[in-house]
$ cat target_12.csv   # CSV, C-alpha atoms
chain,number,residue,atom,x,y,z
K,1,ASN,CA,-18.5,-8.1,2.0
K,2,ALA,CA,-15.9,-9.0,-0.6
K,3,GLY,CA,-14.0,-5.6,-0.8
K,4,VAL,CA,-11.2,-5.9,-3.4
K,5,THR,CA,-10.9,-9.2,-5.2
K,6,GLN,CA,-7.9,-10.1,-7.3
K,7,THR,CA,-7.5,-13.1,-9.6
K,8,PRO,CA,-5.6,-15.2,-10.1
K,9,LYS,CA,-3.7,-15.7,-6.8
K,10,PHE,CA,-0.7,-17.3,-8.5
K,11,ARG,CA,0.5,-17.6,-12.1
K,12,ILE,CA,3.6,-18.8,-13.9
K,13,LEU,CA,4.3,-17.3,-17.3
K,14,LYS,CA,6.9,-17.9,-20.0
K,15,ILE,CA,8.9,-15.0,-21.4
K,16,GLY,CA,6.9,-13.3,-24.1
K,17,GLN,CA,3.5,-14.5,-23.0
K,18,SER,CA,0.7,-12.1,-22.2
K,19,MET,CA,-1.9,-12.1,-19.5
K,20,THR,CA,-4.4,-10.0,-17.7
K,21,LEU,CA,-4.6,-9.6,-13.9
K,22,GLN,CA,-8.1,-9.0,-12.8
K,23,CYS,CA,-9.2,-6.6,-10.0
K,24,ALA,CA,-12.8,-5.9,-8.9
K,25,GLN,CA,-14.1,-3.9,-6.0
K,26,ASP,CA,-17.7,-3.7,-4.6
K,27,MET,CA,-17.4,-0.6,-2.5
K,28,ASN,CA,-18.3,1.9,-5.3
K,29,HIS,CA,-14.9,3.5,-5.0
K,30,ASN,CA,-13.9,5.9,-7.8
K,31,TYR,CA,-10.1,5.5,-7.3
K,32,MET,CA,-8.3,2.3,-8.1
K,33,TYR,CA,-4.6,1.5,-8.2
K,34,TRP,CA,-2.1,-1.2,-9.2
K,35,TYR,CA,1.1,-1.7,-7.3
K,36,ARG,CA,4.0,-4.1,-7.6
K,37,GLN,CA,6.1,-5.2,-4.7
K,38,ASP,CA,9.4,-7.0,-5.2
K,39,PRO,CA,10.9,-9.1,-2.4
K,40,GLY,CA,12.0,-7.0,0.5
K,41,MET,CA,11.0,-3.8,-1.2
K,42,GLY,CA,8.2,-1.2,-0.9
K,43,LEU,CA,5.1,-0.7,-3.0
K,44,LYS,CA,5.6,0.9,-6.4
K,45,LEU,CA,2.6,2.4,-8.2
K,46,ILE,CA,2.1,1.1,-11.7
K,47,TYR,CA,-1.1,2.8,-12.9
K,48,TYR,CA,-4.1,4.4,-11.3
K,49,SER,CA,-7.6,5.5,-12.2
K,50,VAL,CA,-9.8,8.2,-10.8
K,51,GLY,CA,-13.0,6.9,-12.5
K,52,ALA,CA,-14.4,4.9,-15.3
K,53,GLY,CA,-12.6,5.9,-18.6
K,54,ILE,CA,-9.8,7.7,-16.8
K,55,THR,CA,-6.4,6.2,-16.2
K,56,ASP,CA,-2.9,7.6,-15.6
K,57,LYS,CA,0.7,6.3,-15.2
K,58,GLY,CA,2.3,5.8,-11.9
K,59,GLU,CA,6.0,5.4,-11.0
K,60,VAL,CA,6.7,2.2,-13.1
K,61,PRO,CA,4.2,1.9,-16.0
K,62,ASN,CA,6.5,0.4,-18.7
K,63,GLY,CA,5.5,-3.0,-19.9
K,64,TYR,CA,1.9,-2.7,-18.5
K,65,ASN,CA,-1.5,-1.4,-19.8
K,66,VAL,CA,-4.7,-0.8,-18.0
K,67,SER,CA,-8.3,0.0,-18.8
K,68,ARG,CA,-11.3,1.1,-16.7
K,69,SER,CA,-14.6,0.6,-18.5
K,70,THR,CA,-16.6,0.3,-15.3
K,71,THR,CA,-16.4,1.6,-11.7
K,72,GLU,CA,-15.9,-1.9,-10.4
K,73,ASP,CA,-13.2,-3.4,-12.6
K,74,PHE,CA,-9.6,-2.3,-13.2
K,75,PRO,CA,-7.6,-5.0,-15.1
K,76,LEU,CA,-3.9,-4.9,-15.6
K,77,ARG,CA,-2.4,-6.2,-18.8
K,78,LEU,CA,1.1,-7.6,-19.4
K,79,GLU,CA,1.7,-7.8,-23.2
K,80,LEU,CA,5.2,-9.3,-23.4
K,81,ALA,CA,6.1,-10.9,-20.1
K,82,ALA,CA,9.7,-10.3,-19.1
K,83,PRO,CA,11.7,-11.8,-16.1
K,84,SER,CA,11.9,-8.3,-14.6
K,85,GLN,CA,8.1,-8.4,-14.1
K,86,THR,CA,8.3,-11.3,-11.6
K,87,SER,CA,6.7,-9.7,-8.6
K,88,VAL,CA,3.6,-9.6,-6.3
K,89,TYR,CA,0.9,-7.4,-7.7
K,90,PHE,CA,-1.6,-5.6,-5.5
K,91,CYS,CA,-4.8,-3.8,-6.5
K,92,ALA,CA,-6.3,-1.2,-4.2
K,93,SER,CA,-9.2,1.2,-4.1
K,94,ASN,CA,-10.4,4.2,-2.1
K,95,GLN,CA,-12.5,7.3,-2.1
K,96,GLY,CA,-11.1,10.8,-1.5
K,97,LEU,CA,-9.0,11.0,1.6
K,98,GLU,CA,-10.0,7.6,2.9
K,99,PRO,CA,-7.4,4.8,3.3
K,100,GLN,CA,-6.8,2.4,0.4
K,101,HIS,CA,-8.2,-1.1,0.7
K,102,PHE,CA,-6.0,-3.8,-0.8
K,103,GLY,CA,-6.7,-7.1,-2.5
K,104,ASP,CA,-4.9,-10.3,-1.5
K,105,GLY,CA,-2.4,-9.9,-4.3
K,106,THR,CA,-1.3,-11.9,-7.4
K,107,ARG,CA,2.1,-13.7,-7.2
K,108,LEU,CA,3.5,-13.7,-10.7
K,109,SER,CA,6.6,-15.6,-11.8
K,110,ILE,CA,8.0,-15.3,-15.3
K,111,LEU,CA,10.5,-18.0,-16.4
L,1,GLN,CA,9.5,14.9,-5.5
L,2,LYS,CA,7.1,14.0,-2.7
L,3,GLU,CA,8.7,11.6,-0.2
L,4,VAL,CA,7.9,9.5,2.8
L,5,GLU,CA,10.8,8.3,4.9
L,6,GLN,CA,11.0,5.5,7.3
L,7,ASN,CA,13.8,3.7,9.0
L,8,SER,CA,13.9,0.2,7.4
L,9,GLY,CA,15.0,-1.4,10.7
L,10,PRO,CA,14.8,-4.1,11.8
L,11,LEU,CA,13.5,-2.7,15.1
L,12,SER,CA,13.8,-5.3,17.7
L,13,VAL,CA,11.9,-5.0,21.0
L,14,PRO,CA,11.2,-7.6,23.8
L,15,GLU,CA,7.7,-8.9,24.3
L,16,GLY,CA,5.7,-6.5,26.5
L,17,ALA,CA,7.7,-3.4,25.6
L,18,ILE,CA,6.6,-0.3,23.7
L,19,ALA,CA,7.6,-0.2,20.0
L,20,SER,CA,8.0,3.2,18.4
L,21,LEU,CA,7.9,3.6,14.7
L,22,ASN,CA,8.6,6.9,13.0
L,23,CYS,CA,7.8,8.5,9.6
L,24,THR,CA,8.6,11.9,8.0
L,25,TYR,CA,7.0,13.3,4.9
L,26,SER,CA,7.9,16.1,2.5
L,27,ASP,CA,4.5,17.5,1.3
L,28,ARG,CA,3.2,20.1,3.6
L,29,GLY,CA,-0.2,19.9,1.9
L,30,SER,CA,-0.8,16.3,3.0
L,31,GLN,CA,-4.1,15.8,4.7
L,32,SER,CA,-4.4,12.1,5.6
L,33,PHE,CA,-2.0,9.7,7.2
L,34,PHE,CA,-2.1,6.0,7.6
L,35,TRP,CA,-0.3,3.1,9.1
L,36,TYR,CA,-0.5,-0.3,7.4
L,37,ARG,CA,0.8,-3.6,8.8
L,38,GLN,CA,2.1,-6.2,6.3
L,39,TYR,CA,2.9,-9.7,7.3
L,40,SER,CA,5.4,-11.6,5.0
L,41,GLY,CA,3.6,-12.8,1.9
L,42,LYS,CA,0.4,-11.0,2.7
L,43,SER,CA,-1.3,-7.7,1.6
L,44,PRO,CA,-1.1,-4.5,3.5
L,45,GLU,CA,-3.7,-4.2,6.3
L,46,LEU,CA,-4.8,-0.8,7.6
L,47,ILE,CA,-4.3,-0.4,11.3
L,48,MET,CA,-4.5,3.3,12.0
L,49,SER,CA,-5.7,6.5,10.2
L,50,ILE,CA,-5.1,10.0,11.5
L,51,TYR,CA,-6.1,13.3,10.0
L,52,SER,CA,-5.4,16.0,12.6
L,53,ASN,CA,-2.6,17.0,14.9
L,54,GLY,CA,-2.3,15.1,18.1
L,55,ASP,CA,-2.7,11.6,19.3
L,56,LYS,CA,-5.2,8.9,18.2
L,57,GLU,CA,-5.5,5.7,20.3
L,58,ASP,CA,-7.0,2.4,19.2
L,59,GLY,CA,-6.4,-0.5,21.6
L,60,ARG,CA,-2.7,-1.0,21.9
L,61,PHE,CA,-1.9,1.3,19.0
L,62,THR,CA,-1.4,5.1,19.2
L,63,ALA,CA,-0.8,7.3,16.1
L,64,GLN,CA,0.8,10.7,16.6
L,65,LEU,CA,0.7,13.5,14.1
L,66,ASN,CA,2.7,16.7,14.1
L,67,LYS,CA,2.1,18.6,10.8
L,68,ALA,CA,4.4,21.5,11.7
L,69,SER,CA,7.3,19.0,12.0
L,70,GLN,CA,5.9,16.8,9.1
L,71,TYR,CA,6.2,13.8,11.4
L,72,VAL,CA,3.9,10.9,12.1
L,73,SER,CA,4.6,8.0,14.5
L,74,LEU,CA,3.0,4.8,15.6
L,75,LEU,CA,3.4,3.4,19.2
L,76,ILE,CA,2.6,-0.2,19.9
L,77,ARG,CA,2.1,-0.9,23.6
L,78,ASP,CA,2.6,-4.3,25.2
L,79,SER,CA,4.2,-5.6,22.0
L,80,GLN,CA,3.4,-9.2,21.2
L,81,PRO,CA,5.3,-11.7,18.9
L,82,SER,CA,2.2,-11.5,16.6
L,83,ASP,CA,3.1,-7.8,16.0
L,84,SER,CA,6.2,-8.8,14.2
L,85,ALA,CA,5.7,-7.5,10.7
L,86,THR,CA,6.6,-4.7,8.3
L,87,TYR,CA,4.8,-1.4,9.1
L,88,LEU,CA,4.2,1.0,6.2
L,89,CYS,CA,3.6,4.7,6.6
L,90,ALA,CA,1.4,6.2,3.9
L,91,VAL,CA,0.6,9.8,3.3
L,92,ASN,CA,-2.1,11.3,1.1
L,93,GLY,CA,-0.5,13.0,-1.9
L,94,GLY,CA,-1.4,16.6,-0.8
L,95,SER,CA,-2.8,18.7,-3.6
L,96,SER,CA,-3.1,15.9,-6.1
L,97,ASN,CA,-6.7,15.2,-5.0
L,98,THR,CA,-6.7,11.7,-6.5
L,99,GLY,CA,-6.7,9.6,-3.4
L,100,LYS,CA,-3.1,8.6,-4.2
L,101,LEU,CA,-0.9,7.6,-1.3
L,102,ILE,CA,2.8,8.0,-1.0
L,103,PHE,CA,4.2,4.9,0.8
L,104,GLY,CA,7.4,4.7,2.8
L,105,GLN,CA,9.6,1.7,2.4
L,106,GLY,CA,8.4,0.2,5.7
L,107,THR,CA,10.0,-0.6,9.0
L,108,THR,CA,10.4,-4.2,10.0
L,109,LEU,CA,9.5,-4.9,13.6
L,110,GLN,CA,10.7,-8.0,15.5
L,111,VAL,CA,9.1,-8.7,18.9
L,112,LYS,CA,11.2,-11.3,20.8
L,113,PRO,CA,9.5,-13.6,23.3

$ encode --input "target_12.csv" --output "structure tokens"
Amino acid sequence: NAGVTQTPKFRILKIGQSMTLQCAQDMNHNYMYWYRQDPGMGLKLIYYSVGAGITDKGEVPNGYNVSRSTTEDFPLRLELAAPSQTSVYFCASNQGLEPQHFGDGTRLSIL
Amino acid sequence: QKEVEQNSGPLSVPEGAIASLNCTYSDRGSQSFFWYRQYSGKSPELIMSIYSNGDKEDGRFTAQLNKASQYVSLLIRDSQPSDSATYLCAVNGGSSNTGKLIFGQGTTLQVKP
């Protein structure tokens, strides 16, 4: 009963490097989301997807890209890492009016 | 712009007391309402869902919804130090129909032994 699985749990990047944060869910949810949460702050929506092949921008999409080739997976790509992207990243999924289920998060530091 | 407002706190209550957390929302079309608990360094954890006006009880937790006043609250009875966390109110994005939630900034609860 895995739910939403995020990898890696921790990562340190150098400025300008790129990486992909992985997110997978096994609940057959159509809707998936990426959030970032800075220390002491609320959740900010980066991108979301309502189904395979469909993605849309959230509140803070600049510097990120996503794709959704399957129902299960929703990777988040950072192309040119910047210090402002140091944050904790959460992936979530749900269906319709149901609550969102969250992964354990990826803690990312960019130095 | 659709908003969800919470008092950031901290809200401090003694152990055994009732903690009352409040949330207001702006979109009258919202249909589902959630309370999440987030411990420091952890992911949000769902503790209550409510979809219709009135009260919903689950153990020590009671969620209250008043759609006319656009107000949702969470009561925690017999508060324990382990309840110390940030509580996030989340509201379904009304007519958007995407499952998106609008989150409040969260209220920090401190339960003192």

$ residues_around --input "target_12.csv" --residues "Asp78 (chain L)" --least-positions-apart "2" --cutoff "6 Å" --atoms "only C-alpha atoms" --output "mmCIF file with C-alpha atoms, keeping the file's coordinate frame"
data_model
loop_
_atom_site.group_PDB
_atom_site.id
_atom_site.type_symbol
_atom_site.label_atom_id
_atom_site.label_comp_id
_atom_site.auth_asym_id
_atom_site.auth_seq_id
_atom_site.Cartn_x
_atom_site.Cartn_y
_atom_site.Cartn_z
ATOM 1 C CA GLY L 16 5.700 -6.500 26.500
ATOM 2 C CA ALA L 17 7.700 -3.400 25.600
ATOM 3 C CA ILE L 18 6.600 -0.300 23.700
#

$ interface_residues --input "target_12.csv" --of "chain L" --to "chain K" --cutoff "8 Å" --atoms "only C-alpha atoms" --output "count of residues only"
17

$ closest_residue --input "target_12.csv" --among "L:Val13, L:Gln70, L:Thr62, L:Ile47" --to "Val91 (chain L)" --atoms "only C-alpha atoms"
L:Gln70

$ atom_distance --input "target_12.csv" --atom1 "CA of Glu57 (chain L)" --atom2 "CA of Thr24 (chain L)"
19.7 Å

$ residues_near_point --input "target_12.csv" --point "(11.0, -6.0, 10.0)" --cutoff "7 Å" --atoms "all atoms listed in the file" --output "PyMOL selection string"
chain L and resi 9-11+84-86+107-110

$ closest_residue --input "target_12.csv" --among "L:Ala19, L:Arg60, L:Met48, L:Asp27" --to "Val4 (chain L)" --atoms "all atoms listed in the file"
L:Asp27

$ atom_distance --input "target_12.csv" --atom1 "CA of Arg37 (chain L)" --atom2 "CA of Arg68 (chain K)"
28.6 Å

$ atom_distance --input "target_12.csv" --atom1 "CA of Arg36 (chain K)" --atom2 "CA of Gly63 (chain K)"
12.4 Å

$ residues_around --input "target_12.csv" --residues "Ser52 (chain L)" --least-positions-apart "6" --cutoff "10 Å" --atoms "only C-alpha atoms" --output "PyMOL selection string"
chain L and resi 31-33+64-67

$ closest_residue --input "target_12.csv" --among "K:Thr20, K:Gln25, K:Thr5, K:Ser109" --to "Ser87 (chain K)" --atoms "only C-alpha atoms"
K:Ser109

$ residues_around --input "target_12.csv" --residues "Glu3 (chain L)" --least-positions-apart "4" --cutoff "7 Å" --atoms "only C-alpha atoms" --output "list in words"
Tyr25, Ser26 and Ile102 of chain L

$ closest_residue --input "target_12.csv" --among "K:Gly16, K:Phe74, K:Trp34, K:Ala81" --to "Val60 (chain K)" --atoms "all atoms listed in the file"
K:Trp34

$ build_atoms --input "target_12.csv" --residues "region 31-51 of chain K" --atoms "N, CA and C atoms" --output "mmCIF file, in the frame of the given file"
data_model
loop_
_atom_site.group_PDB
_atom_site.id
_atom_site.type_symbol
_atom_site.label_atom_id
_atom_site.label_comp_id
_atom_site.auth_asym_id
_atom_site.auth_seq_id
_atom_site.Cartn_x
_atom_site.Cartn_y
_atom_site.Cartn_z
ATOM 1 N N TYR K 31 -11.590 5.603 -7.040
ATOM 2 C CA TYR K 31 -10.100 5.500 -7.300
ATOM 3 C C TYR K 31 -9.678 4.068 -7.131
ATOM 4 N N MET K 32 -8.886 3.644 -8.116
ATOM 5 C CA MET K 32 -8.300 2.300 -8.100
ATOM 6 C C MET K 32 -6.838 2.379 -8.479
ATOM 7 N N TYR K 33 -6.045 1.409 -7.999
ATOM 8 C CA TYR K 33 -4.600 1.500 -8.200
ATOM 9 C C TYR K 33 -4.042 0.069 -8.407
ATOM 10 N N TRP K 34 -2.931 0.026 -9.124
ATOM 11 C CA TRP K 34 -2.100 -1.200 -9.200
ATOM 12 C C TRP K 34 -0.728 -0.902 -8.733
ATOM 13 N N TYR K 35 -0.244 -1.785 -7.834
ATOM 14 C CA TYR K 35 1.100 -1.700 -7.300
ATOM 15 C C TYR K 35 1.830 -3.022 -7.617
ATOM 16 N N ARG K 36 3.134 -2.927 -7.644
ATOM 17 C CA ARG K 36 4.000 -4.100 -7.600
ATOM 18 C C ARG K 36 4.891 -4.028 -6.414
ATOM 19 N N GLN K 37 5.216 -5.191 -5.848
ATOM 20 C CA GLN K 37 6.100 -5.200 -4.700
ATOM 21 C C GLN K 37 7.118 -6.364 -4.919
ATOM 22 N N ASP K 38 8.364 -5.995 -5.095
ATOM 23 C CA ASP K 38 9.400 -7.000 -5.200
ATOM 24 C C ASP K 38 9.890 -7.409 -3.863
ATOM 25 N N PRO K 39 10.512 -8.590 -3.746
ATOM 26 C CA PRO K 39 10.900 -9.100 -2.400
ATOM 27 C C PRO K 39 11.715 -8.148 -1.608
ATOM 28 N N GLY K 40 11.276 -7.889 -0.380
ATOM 29 C CA GLY K 40 12.000 -7.000 0.500
ATOM 30 C C GLY K 40 11.926 -5.537 0.195
ATOM 31 N N MET K 41 11.073 -5.191 -0.746
ATOM 32 C CA MET K 41 11.000 -3.800 -1.200
ATOM 33 C C MET K 41 9.621 -3.210 -0.886
ATOM 34 N N GLY K 42 9.507 -1.901 -1.112
ATOM 35 C CA GLY K 42 8.200 -1.200 -0.900
ATOM 36 C C GLY K 42 7.297 -1.353 -2.064
ATOM 37 N N LEU K 43 6.159 -0.704 -1.959
ATOM 38 C CA LEU K 43 5.100 -0.700 -3.000
ATOM 39 C C LEU K 43 5.497 0.318 -4.081
ATOM 40 N N LYS K 44 5.389 -0.085 -5.324
ATOM 41 C CA LYS K 44 5.600 0.900 -6.400
ATOM 42 C C LYS K 44 4.323 0.951 -7.248
ATOM 43 N N LEU K 45 3.863 2.165 -7.477
ATOM 44 C CA LEU K 45 2.600 2.400 -8.200
ATOM 45 C C LEU K 45 2.832 2.216 -9.694
ATOM 46 N N ILE K 46 2.022 1.360 -10.314
ATOM 47 C CA ILE K 46 2.100 1.100 -11.700
ATOM 48 C C ILE K 46 1.203 2.017 -12.530
ATOM 49 N N TYR K 47 -0.077 1.934 -12.248
ATOM 50 C CA TYR K 47 -1.100 2.800 -12.900
ATOM 51 C C TYR K 47 -2.194 3.036 -11.836
ATOM 52 N N TYR K 48 -2.952 4.094 -12.084
ATOM 53 C CA TYR K 48 -4.100 4.400 -11.300
ATOM 54 C C TYR K 48 -5.235 4.936 -12.085
ATOM 55 N N SER K 49 -6.419 4.967 -11.487
ATOM 56 C CA SER K 49 -7.600 5.500 -12.200
ATOM 57 C C SER K 49 -8.470 6.245 -11.209
ATOM 58 N N VAL K 50 -8.963 7.391 -11.654
ATOM 59 C CA VAL K 50 -9.800 8.200 -10.800
ATOM 60 C C VAL K 50 -11.289 8.046 -11.136
ATOM 61 N N GLY K 51 -11.576 7.190 -12.097
ATOM 62 C CA GLY K 51 -13.000 6.900 -12.500
ATOM 63 C C GLY K 51 -13.032 6.181 -13.765
#
